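*Asks:* As input, take target_6.cif (mmCIF, N, CA and C atoms):
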data_entry
loop_
_atom_site.label_atom_id
_atom_site.label_comp_id
_atom_site.auth_asym_id
_atom_site.auth_seq_id
_atom_site.Cartn_x
_atom_site.Cartn_y
_atom_site.Cartn_z
N MET Z 1 16.18 -5.04 -4.49
CA MET Z 1 14.75 -4.83 -4.40
C MET Z 1 14.47 -3.43 -3.88
N LEU Z 2 13.22 -3.01 -4.04
CA LEU Z 2 12.82 -1.67 -3.65
C LEU Z 2 13.06 -1.40 -2.18
N GLU Z 3 12.73 -2.38 -1.33
CA GLU Z 3 12.87 -2.13 0.11
C GLU Z 3 14.32 -1.87 0.50
N ASP Z 4 15.27 -2.48 -0.20
CA ASP Z 4 16.68 -2.23 0.07
C ASP Z 4 17.11 -0.86 -0.41
N ALA Z 5 16.74 -0.51 -1.64
CA ALA Z 5 17.14 0.76 -2.23
C ALA Z 5 16.48 1.94 -1.53
N ALA Z 6 15.23 1.79 -1.13
CA ALA Z 6 14.48 2.91 -0.55
C ALA Z 6 14.57 2.93 0.97
N GLY Z 7 15.15 1.94 1.59
CA GLY Z 7 15.25 1.90 3.05
C GLY Z 7 13.92 1.72 3.74
N ILE Z 8 13.04 0.89 3.17
CA ILE Z 8 11.73 0.65 3.77
C ILE Z 8 11.90 -0.18 5.04
N ARG Z 9 11.40 0.37 6.14
CA ARG Z 9 11.47 -0.31 7.43
C ARG Z 9 10.09 -0.71 7.94
N ARG Z 10 9.05 -0.08 7.39
CA ARG Z 10 7.69 -0.32 7.86
C ARG Z 10 6.75 -0.20 6.66
N VAL Z 11 5.75 -1.09 6.63
CA VAL Z 11 4.75 -1.05 5.57
C VAL Z 11 3.38 -0.96 6.24
N VAL Z 12 2.59 0.03 5.82
CA VAL Z 12 1.27 0.27 6.40
C VAL Z 12 0.23 0.12 5.31
N LEU Z 13 -0.74 -0.74 5.56
CA LEU Z 13 -1.86 -0.95 4.64
C LEU Z 13 -3.01 -0.05 5.02
N ALA Z 14 -3.51 0.73 4.08
CA ALA Z 14 -4.69 1.55 4.31
C ALA Z 14 -5.91 0.70 3.98
N TYR Z 15 -6.64 0.28 5.00
CA TYR Z 15 -7.82 -0.56 4.79
C TYR Z 15 -8.90 0.22 4.06
N GLY Z 16 -9.83 -0.50 3.48
CA GLY Z 16 -10.95 0.13 2.80
C GLY Z 16 -10.58 0.53 1.38
N TYR Z 17 -11.44 1.36 0.80
CA TYR Z 17 -11.25 1.83 -0.57
C TYR Z 17 -10.60 3.20 -0.57
N VAL Z 18 -9.72 3.42 -1.52
CA VAL Z 18 -9.12 4.74 -1.72
C VAL Z 18 -9.23 5.06 -3.21
N ASP Z 19 -9.58 6.30 -3.51
CA ASP Z 19 -9.67 6.75 -4.89
C ASP Z 19 -8.25 6.85 -5.45
N LEU Z 20 -7.89 5.93 -6.33
CA LEU Z 20 -6.53 5.87 -6.84
C LEU Z 20 -6.22 6.96 -7.87
N ARG Z 21 -7.18 7.82 -8.16
CA ARG Z 21 -6.89 8.97 -9.01
C ARG Z 21 -6.09 10.02 -8.24
N LYS Z 22 -6.07 9.89 -6.92
CA LYS Z 22 -5.34 10.84 -6.09
C LYS Z 22 -3.84 10.70 -6.30
N GLY Z 23 -3.16 11.81 -6.21
CA GLY Z 23 -1.72 11.83 -6.34
C GLY Z 23 -1.05 11.94 -4.98
N ILE Z 24 0.16 12.43 -4.97
CA ILE Z 24 0.96 12.52 -3.75
C ILE Z 24 0.26 13.37 -2.69
N ASP Z 25 -0.20 14.56 -3.06
CA ASP Z 25 -0.82 15.45 -2.08
C ASP Z 25 -2.10 14.84 -1.50
N GLY Z 26 -2.94 14.28 -2.36
CA GLY Z 26 -4.19 13.68 -1.90
C GLY Z 26 -3.97 12.48 -1.00
N LEU Z 27 -3.02 11.62 -1.36
CA LEU Z 27 -2.75 10.43 -0.54
C LEU Z 27 -2.10 10.81 0.79
N SER Z 28 -1.22 11.80 0.78
CA SER Z 28 -0.61 12.22 2.05
C SER Z 28 -1.65 12.84 2.98
N MET Z 29 -2.64 13.54 2.41
CA MET Z 29 -3.73 14.08 3.23
C MET Z 29 -4.56 12.95 3.85
N ILE Z 30 -4.82 11.90 3.07
CA ILE Z 30 -5.57 10.75 3.59
C ILE Z 30 -4.80 10.10 4.73
N ILE Z 31 -3.50 9.95 4.57
CA ILE Z 31 -2.67 9.34 5.62
C ILE Z 31 -2.81 10.11 6.92
N GLY Z 32 -2.74 11.43 6.83
CA GLY Z 32 -2.83 12.25 8.03
C GLY Z 32 -4.23 12.38 8.58
N ASP Z 33 -5.19 12.71 7.72
CA ASP Z 33 -6.55 13.00 8.17
C ASP Z 33 -7.36 11.75 8.52
N LYS Z 34 -7.35 10.76 7.64
CA LYS Z 34 -8.20 9.58 7.82
C LYS Z 34 -7.56 8.53 8.72
N TYR Z 35 -6.25 8.34 8.56
CA TYR Z 35 -5.57 7.27 9.30
C TYR Z 35 -4.72 7.77 10.46
N HIS Z 36 -4.63 9.09 10.64
CA HIS Z 36 -3.92 9.71 11.76
C HIS Z 36 -2.47 9.23 11.88
N GLN Z 37 -1.80 9.19 10.75
CA GLN Z 37 -0.40 8.80 10.71
C GLN Z 37 0.39 9.92 10.05
N ASN Z 38 1.70 9.88 10.18
CA ASN Z 38 2.58 10.89 9.63
C ASN Z 38 3.09 10.45 8.25
N PRO Z 39 2.66 11.12 7.17
CA PRO Z 39 3.12 10.71 5.84
C PRO Z 39 4.61 11.00 5.62
N PHE Z 40 5.22 11.83 6.48
CA PHE Z 40 6.63 12.19 6.35
C PHE Z 40 7.54 11.30 7.20
N GLU Z 41 7.04 10.16 7.60
CA GLU Z 41 7.86 9.22 8.38
C GLU Z 41 8.76 8.47 7.41
N LYS Z 42 10.05 8.78 7.48
CA LYS Z 42 11.01 8.19 6.55
C LYS Z 42 11.08 6.68 6.73
N GLY Z 43 11.06 5.95 5.62
CA GLY Z 43 11.15 4.51 5.66
C GLY Z 43 9.82 3.80 5.81
N THR Z 44 8.70 4.56 5.81
CA THR Z 44 7.37 3.95 5.93
C THR Z 44 6.67 4.01 4.58
N LEU Z 45 6.33 2.85 4.05
CA LEU Z 45 5.61 2.74 2.79
C LEU Z 45 4.13 2.56 3.11
N PHE Z 46 3.30 3.48 2.64
CA PHE Z 46 1.86 3.40 2.80
C PHE Z 46 1.26 2.84 1.52
N LEU Z 47 0.43 1.81 1.65
CA LEU Z 47 -0.16 1.14 0.49
C LEU Z 47 -1.67 1.36 0.45
N PHE Z 48 -2.20 1.61 -0.74
CA PHE Z 48 -3.62 1.89 -0.95
C PHE Z 48 -4.14 1.01 -2.08
N CYS Z 49 -5.43 0.68 -2.01
CA CYS Z 49 -6.06 -0.14 -3.04
C CYS Z 49 -7.40 0.48 -3.39
N GLY Z 50 -7.76 0.46 -4.67
CA GLY Z 50 -9.06 0.97 -5.11
C GLY Z 50 -10.12 -0.11 -5.08
N ARG Z 51 -11.28 0.21 -5.59
CA ARG Z 51 -12.41 -0.73 -5.56
C ARG Z 51 -12.19 -1.98 -6.40
N ARG Z 52 -11.49 -1.83 -7.52
CA ARG Z 52 -11.33 -2.97 -8.43
C ARG Z 52 -10.33 -4.00 -7.93
N SER Z 53 -9.49 -3.65 -7.00
CA SER Z 53 -8.50 -4.56 -6.39
C SER Z 53 -7.48 -5.12 -7.36
N ASP Z 54 -7.38 -4.53 -8.55
CA ASP Z 54 -6.35 -4.98 -9.48
C ASP Z 54 -5.24 -3.93 -9.62
N ARG Z 55 -5.31 -2.89 -8.77
CA ARG Z 55 -4.32 -1.82 -8.77
C ARG Z 55 -3.98 -1.45 -7.34
N ILE Z 56 -2.75 -1.04 -7.16
CA ILE Z 56 -2.29 -0.65 -5.83
C ILE Z 56 -1.37 0.56 -5.99
N LYS Z 57 -1.46 1.49 -5.04
CA LYS Z 57 -0.58 2.65 -5.03
C LYS Z 57 0.17 2.66 -3.72
N GLY Z 58 1.40 3.10 -3.79
CA GLY Z 58 2.23 3.22 -2.59
C GLY Z 58 2.80 4.62 -2.51
N LEU Z 59 2.95 5.12 -1.30
CA LEU Z 59 3.54 6.43 -1.06
C LEU Z 59 4.63 6.28 -0.01
N LEU Z 60 5.81 6.78 -0.34
CA LEU Z 60 6.98 6.64 0.52
C LEU Z 60 7.72 7.96 0.59
N TRP Z 61 7.93 8.48 1.80
CA TRP Z 61 8.73 9.69 2.00
C TRP Z 61 10.19 9.28 2.02
N MET Z 62 10.99 9.87 1.13
CA MET Z 62 12.40 9.51 0.98
C MET Z 62 13.34 10.43 1.77
N GLY Z 63 12.79 11.39 2.47
CA GLY Z 63 13.60 12.34 3.22
C GLY Z 63 13.77 13.66 2.49
N ASN Z 64 13.74 13.61 1.17
CA ASN Z 64 13.85 14.83 0.38
C ASN Z 64 12.75 14.93 -0.67
N GLY Z 65 11.77 14.06 -0.58
CA GLY Z 65 10.64 14.05 -1.50
C GLY Z 65 9.91 12.72 -1.43
N PHE Z 66 8.72 12.68 -2.04
CA PHE Z 66 7.91 11.47 -2.03
C PHE Z 66 8.21 10.62 -3.26
N LEU Z 67 8.10 9.32 -3.07
CA LEU Z 67 8.13 8.35 -4.15
C LEU Z 67 6.72 7.78 -4.26
N LEU Z 68 6.12 7.90 -5.43
CA LEU Z 68 4.77 7.39 -5.68
C LEU Z 68 4.89 6.14 -6.53
N LEU Z 69 4.37 5.03 -6.03
CA LEU Z 69 4.44 3.75 -6.72
C LEU Z 69 3.05 3.36 -7.20
N TYR Z 70 2.98 2.70 -8.33
CA TYR Z 70 1.71 2.27 -8.88
C TYR Z 70 1.90 0.92 -9.55
N LYS Z 71 1.01 -0.01 -9.23
CA LYS Z 71 1.07 -1.35 -9.83
C LYS Z 71 -0.32 -1.72 -10.31
N ARG Z 72 -0.42 -2.15 -11.56
CA ARG Z 72 -1.67 -2.67 -12.10
C ARG Z 72 -1.41 -4.11 -12.52
N PHE Z 73 -2.19 -5.01 -11.98
CA PHE Z 73 -2.06 -6.42 -12.30
C PHE Z 73 -2.72 -6.70 -13.65
N GLU Z 74 -2.05 -7.42 -14.51
CA GLU Z 74 -2.61 -7.79 -15.80
C GLU Z 74 -3.68 -8.87 -15.64
N SER Z 75 -3.47 -9.74 -14.66
CA SER Z 75 -4.48 -10.75 -14.36
C SER Z 75 -4.48 -10.97 -12.85
N GLY Z 76 -5.62 -11.30 -12.32
CA GLY Z 76 -5.74 -11.51 -10.89
C GLY Z 76 -5.98 -10.20 -10.15
N SER Z 77 -6.13 -10.31 -8.86
CA SER Z 77 -6.37 -9.14 -8.02
C SER Z 77 -5.93 -9.45 -6.60
N LEU Z 78 -5.93 -8.41 -5.79
CA LEU Z 78 -5.55 -8.56 -4.39
C LEU Z 78 -6.78 -8.74 -3.52
N SER Z 79 -6.67 -9.52 -2.50
CA SER Z 79 -7.71 -9.61 -1.49
C SER Z 79 -7.32 -8.58 -0.43
N TRP Z 80 -8.02 -7.47 -0.41
CA TRP Z 80 -7.66 -6.32 0.43
C TRP Z 80 -8.66 -6.17 1.56
N PRO Z 81 -8.23 -5.90 2.78
CA PRO Z 81 -9.17 -5.72 3.90
C PRO Z 81 -10.11 -4.55 3.62
N ARG Z 82 -11.41 -4.80 3.62
CA ARG Z 82 -12.39 -3.77 3.28
C ARG Z 82 -13.35 -3.42 4.41
N THR Z 83 -13.29 -4.12 5.51
CA THR Z 83 -14.33 -4.00 6.52
C THR Z 83 -14.22 -2.72 7.35
N THR Z 84 -13.02 -2.20 7.55
CA THR Z 84 -12.87 -1.02 8.39
C THR Z 84 -12.08 0.04 7.66
N GLU Z 85 -12.08 1.22 8.20
CA GLU Z 85 -11.30 2.31 7.62
C GLU Z 85 -10.17 2.66 8.57
N GLU Z 86 -9.25 1.75 8.71
CA GLU Z 86 -8.09 1.97 9.55
C GLU Z 86 -6.86 1.53 8.80
N ALA Z 87 -5.73 1.77 9.39
CA ALA Z 87 -4.46 1.36 8.78
C ALA Z 87 -3.80 0.35 9.69
N ALA Z 88 -3.10 -0.60 9.11
CA ALA Z 88 -2.44 -1.63 9.91
C ALA Z 88 -1.07 -1.92 9.34
N ASP Z 89 -0.14 -2.19 10.23
CA ASP Z 89 1.20 -2.58 9.80
C ASP Z 89 1.18 -4.00 9.29
N LEU Z 90 1.94 -4.23 8.23
CA LEU Z 90 2.12 -5.58 7.73
C LEU Z 90 3.25 -6.25 8.49
N THR Z 91 3.11 -7.54 8.68
CA THR Z 91 4.23 -8.29 9.22
C THR Z 91 5.25 -8.46 8.09
N GLU Z 92 6.45 -8.86 8.44
CA GLU Z 92 7.47 -9.08 7.42
C GLU Z 92 7.03 -10.17 6.45
N GLU Z 93 6.38 -11.21 6.96
CA GLU Z 93 5.90 -12.30 6.11
C GLU Z 93 4.83 -11.81 5.12
N GLN Z 94 3.88 -11.01 5.60
CA GLN Z 94 2.83 -10.48 4.73
C GLN Z 94 3.43 -9.56 3.67
N TYR Z 95 4.40 -8.75 4.06
CA TYR Z 95 5.05 -7.85 3.11
C TYR Z 95 5.75 -8.64 2.00
N HIS Z 96 6.48 -9.67 2.36
CA HIS Z 96 7.18 -10.47 1.35
C HIS Z 96 6.20 -11.20 0.44
N TYR Z 97 5.07 -11.61 1.00
CA TYR Z 97 4.04 -12.24 0.18
C TYR Z 97 3.48 -11.25 -0.83
N LEU Z 98 3.25 -10.02 -0.38
CA LEU Z 98 2.76 -8.97 -1.27
C LEU Z 98 3.77 -8.68 -2.37
N ILE Z 99 5.04 -8.56 -2.01
CA ILE Z 99 6.08 -8.30 -3.00
C ILE Z 99 6.18 -9.44 -4.01
N SER Z 100 6.03 -10.69 -3.56
CA SER Z 100 6.07 -11.81 -4.49
C SER Z 100 4.89 -11.75 -5.45
N ALA Z 101 3.75 -11.28 -5.00
CA ALA Z 101 2.59 -11.11 -5.89
C ALA Z 101 2.91 -10.05 -6.94
N PHE Z 102 3.63 -9.01 -6.56
CA PHE Z 102 4.05 -8.00 -7.54
C PHE Z 102 4.93 -8.63 -8.60
N ARG Z 103 5.85 -9.48 -8.18
CA ARG Z 103 6.80 -10.07 -9.11
C ARG Z 103 6.14 -11.06 -10.06
N PHE Z 104 5.26 -11.90 -9.55
CA PHE Z 104 4.69 -12.97 -10.35
C PHE Z 104 3.35 -12.61 -10.97
N ASN Z 105 2.83 -11.42 -10.64
CA ASN Z 105 1.63 -10.91 -11.29
C ASN Z 105 0.45 -11.86 -11.15
N CYS Z 106 0.22 -12.33 -9.95
CA CYS Z 106 -0.88 -13.26 -9.73
C CYS Z 106 -1.73 -12.76 -8.57
N SER Z 107 -2.79 -13.47 -8.27
CA SER Z 107 -3.64 -13.10 -7.14
C SER Z 107 -2.89 -13.29 -5.84
N ALA Z 108 -3.14 -12.38 -4.93
CA ALA Z 108 -2.50 -12.47 -3.61
C ALA Z 108 -3.56 -12.36 -2.54
N ARG Z 109 -3.49 -13.19 -1.57
CA ARG Z 109 -4.41 -13.13 -0.43
C ARG Z 109 -3.56 -12.83 0.79
N LEU Z 110 -3.55 -11.54 1.19
CA LEU Z 110 -2.71 -11.10 2.30
C LEU Z 110 -3.22 -11.56 3.64
N PHE Z 111 -4.55 -11.59 3.78
CA PHE Z 111 -5.16 -11.92 5.05
C PHE Z 111 -6.12 -13.09 4.83
N PRO Z 112 -5.81 -14.26 5.35
CA PRO Z 112 -6.63 -15.44 5.08
C PRO Z 112 -8.08 -15.27 5.46
N ASN Z 113 -8.40 -14.47 6.47
CA ASN Z 113 -9.78 -14.35 6.95
C ASN Z 113 -10.48 -13.10 6.46
N SER Z 114 -9.92 -12.37 5.50
CA SER Z 114 -10.58 -11.12 5.05
C SER Z 114 -11.47 -11.37 3.85
#
Using structure tokens, write down the structure that the file contains.
*Replies:*
Amino acid sequence: MLEDAAGIRRVVLAYGYVDLRKGIDGLSMIIGDKYHQNPFEKGTLFLFCGRRSDRIKGLLWMGNGFLLLYKRFESGSLSWPRTTEEAADLTEEQYHYLISAFRFNCSARLFPNS
């Protein structure tokens, strides 16, 4: 799986809406400026969601460059926290639930109360 190959140790969800037209430079600026985190933290996968909630982007610093991930669901969408503009770490259980949604291409509800 990706987390094994890429050495992902931490997953951070960027709450709210993010313009998914942004690339590596734009997303890394958002990580630093809006969420006050270090985009160059090796092993940290930052996840972003747009308004439609059927697409997700991930940014991961590999130590020698960024890996940009993009997923578009053919059916269904993600229930993404929209109430605040902060970033939060996912628990291991939430991360595995998100990854299973990637695999099975179905709706995922990461946070039961969001």
*Asks:* For a test of reading the model, state the distance in Å between atom C of Leu47 of chain Z and atom C of Met62 of chain Z, rounded to one decimal.
*Replies:*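 Between atom C of Leu47 of chain Z and atom C of Met62 of chain Z the gap works out to 17.6 Å.
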*Asks:* What is the distance between atom N of Ser75 of chain Z and atom CA of Asp54 of chain Z, in Å to one decimal?
*Replies:*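 Atom N of Ser75 of chain Z sits 7.6 Å away from atom CA of Asp54 of chain Z.
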*Asks:* Interatomic distance between atom CA of Gly23 of chain Z and atom C of Glu93 of chain Z?
*Replies:*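 Atom C of Glu93 of chain Z lies at a distance of 27.1 Å from atom CA of Gly23 of chain Z.
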*Asks:* Rank nothing, just name the residue among Z:Tyr15, Z:Phe48, Z:Trp61, Z:Tyr70 nearest to Ala87 of chain Z, using all atoms listed in the file.
*Replies:* Z:Tyr15
*Asks:* Rank nothing, just name the residue among Z:Lys71, Z:Ser28, Z:Tyr35, Z:Gly7 nearest to Ala88 of chain Z, using only C-alpha atoms.
*Replies:*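 Smallest separation from Ala88 of chain Z among the options: Z:Tyr35.
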*Asks:* I need the residue set behind the PyMOL selection byres ((chain Z and resi 52) around 8) for this file; please write it as a list in words.
*Replies:*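 On this input, the PyMOL selection byres ((chain Z and resi 52) around 8) captures Tyr17, Cys49, Gly50, Arg51, Ser53, Asp54, Arg55, Gly76, Ser77 and Leu78 of chain Z.
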*Asks:* Measuring atom to atom with only N, CA and C atoms, identify which of Z:Glu74, Z:Trp80, Z:Phe40, Z:Phe46 is nearest to Leu13 of chain Z.
*Replies:*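 Answer, going by the shortest atom-to-atom distance: Z:Phe46.
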*Asks:* List the residues selected by the PyMOL selection byres ((chain Z and resi 59) around 5) in the file shown, writing them as an MDAnalysis selection string.
*Replies:* chainID Z and resid 45:46 57:58 60:61 67:69
*Asks:* Selected residues, N, CA and C atoms, written as a PDB file, in the coordinates of the input, please.
*Replies:*
ATOM      1  N   LEU Z  45       6.330   2.850   4.050  1.00  0.00           N
ATOM      2  CA  LEU Z  45       5.610   2.740   2.790  1.00  0.00           C
ATOM      3  C   LEU Z  45       4.130   2.560   3.110  1.00  0.00           C
ATOM      4  N   PHE Z  46       3.300   3.480   2.640  1.00  0.00           N
ATOM      5  CA  PHE Z  46       1.860   3.400   2.800  1.00  0.00           C
ATOM      6  C   PHE Z  46       1.260   2.840   1.520  1.00  0.00           C
ATOM      7  N   LYS Z  57      -1.460   1.490  -5.040  1.00  0.00           N
ATOM      8  CA  LYS Z  57      -0.580   2.650  -5.030  1.00  0.00           C
ATOM      9  C   LYS Z  57       0.170   2.660  -3.720  1.00  0.00           C
ATOM     10  N   GLY Z  58       1.400   3.100  -3.790  1.00  0.00           N
ATOM     11  CA  GLY Z  58       2.230   3.220  -2.590  1.00  0.00           C
ATOM     12  C   GLY Z  58       2.800   4.620  -2.510  1.00  0.00           C
ATOM     13  N   LEU Z  60       5.810   6.780  -0.340  1.00  0.00           N
ATOM     14  CA  LEU Z  60       6.980   6.640   0.520  1.00  0.00           C
ATOM     15  C   LEU Z  60       7.720   7.960   0.590  1.00  0.00           C
ATOM     16  N   TRP Z  61       7.930   8.480   1.800  1.00  0.00           N
ATOM     17  CA  TRP Z  61       8.730   9.690   2.000  1.00  0.00           C
ATOM     18  C   TRP Z  61      10.190   9.280   2.020  1.00  0.00           C
ATOM     19  N   LEU Z  67       8.100   9.320  -3.070  1.00  0.00           N
ATOM     20  CA  LEU Z  67       8.130   8.350  -4.150  1.00  0.00           C
ATOM     21  C   LEU Z  67       6.720   7.780  -4.260  1.00  0.00           C
ATOM     22  N   LEU Z  68       6.120   7.900  -5.430  1.00  0.00           N
ATOM     23  CA  LEU Z  68       4.770   7.390  -5.680  1.00  0.00           C
ATOM     24  C   LEU Z  68       4.890   6.140  -6.530  1.00  0.00           C
ATOM     25  N   LEU Z  69       4.370   5.030  -6.030  1.00  0.00           N
ATOM     26  CA  LEU Z  69       4.440   3.750  -6.720  1.00  0.00           C
ATOM     27  C   LEU Z  69       3.050   3.360  -7.200  1.00  0.00           C
TER      28      LEU Z  69
END
*Asks:* Set up a box along x, y and z of the file covering all listed atoms of segment 7-19 of chain Z, add 4 Å on every one of the six sides, and write the centre and edge lengths in Å to one decimal, as AutoDock Vina command-line options.
*Replies:*
--center_x 1.9 --center_y 2.9 --center_z 1.2 --size_x 34.7 --size_y 15.9 --size_z 21.4
*Asks:* Do a neighbour search on Arg9 of chain Z at 8 Å with only C-alpha atoms, toss out local chain neighbours closer than 2 positions, and write the hits as a list in words.
*Replies:* Glu3, Gly7, Val11, Gly43 and Thr44 of chain Z
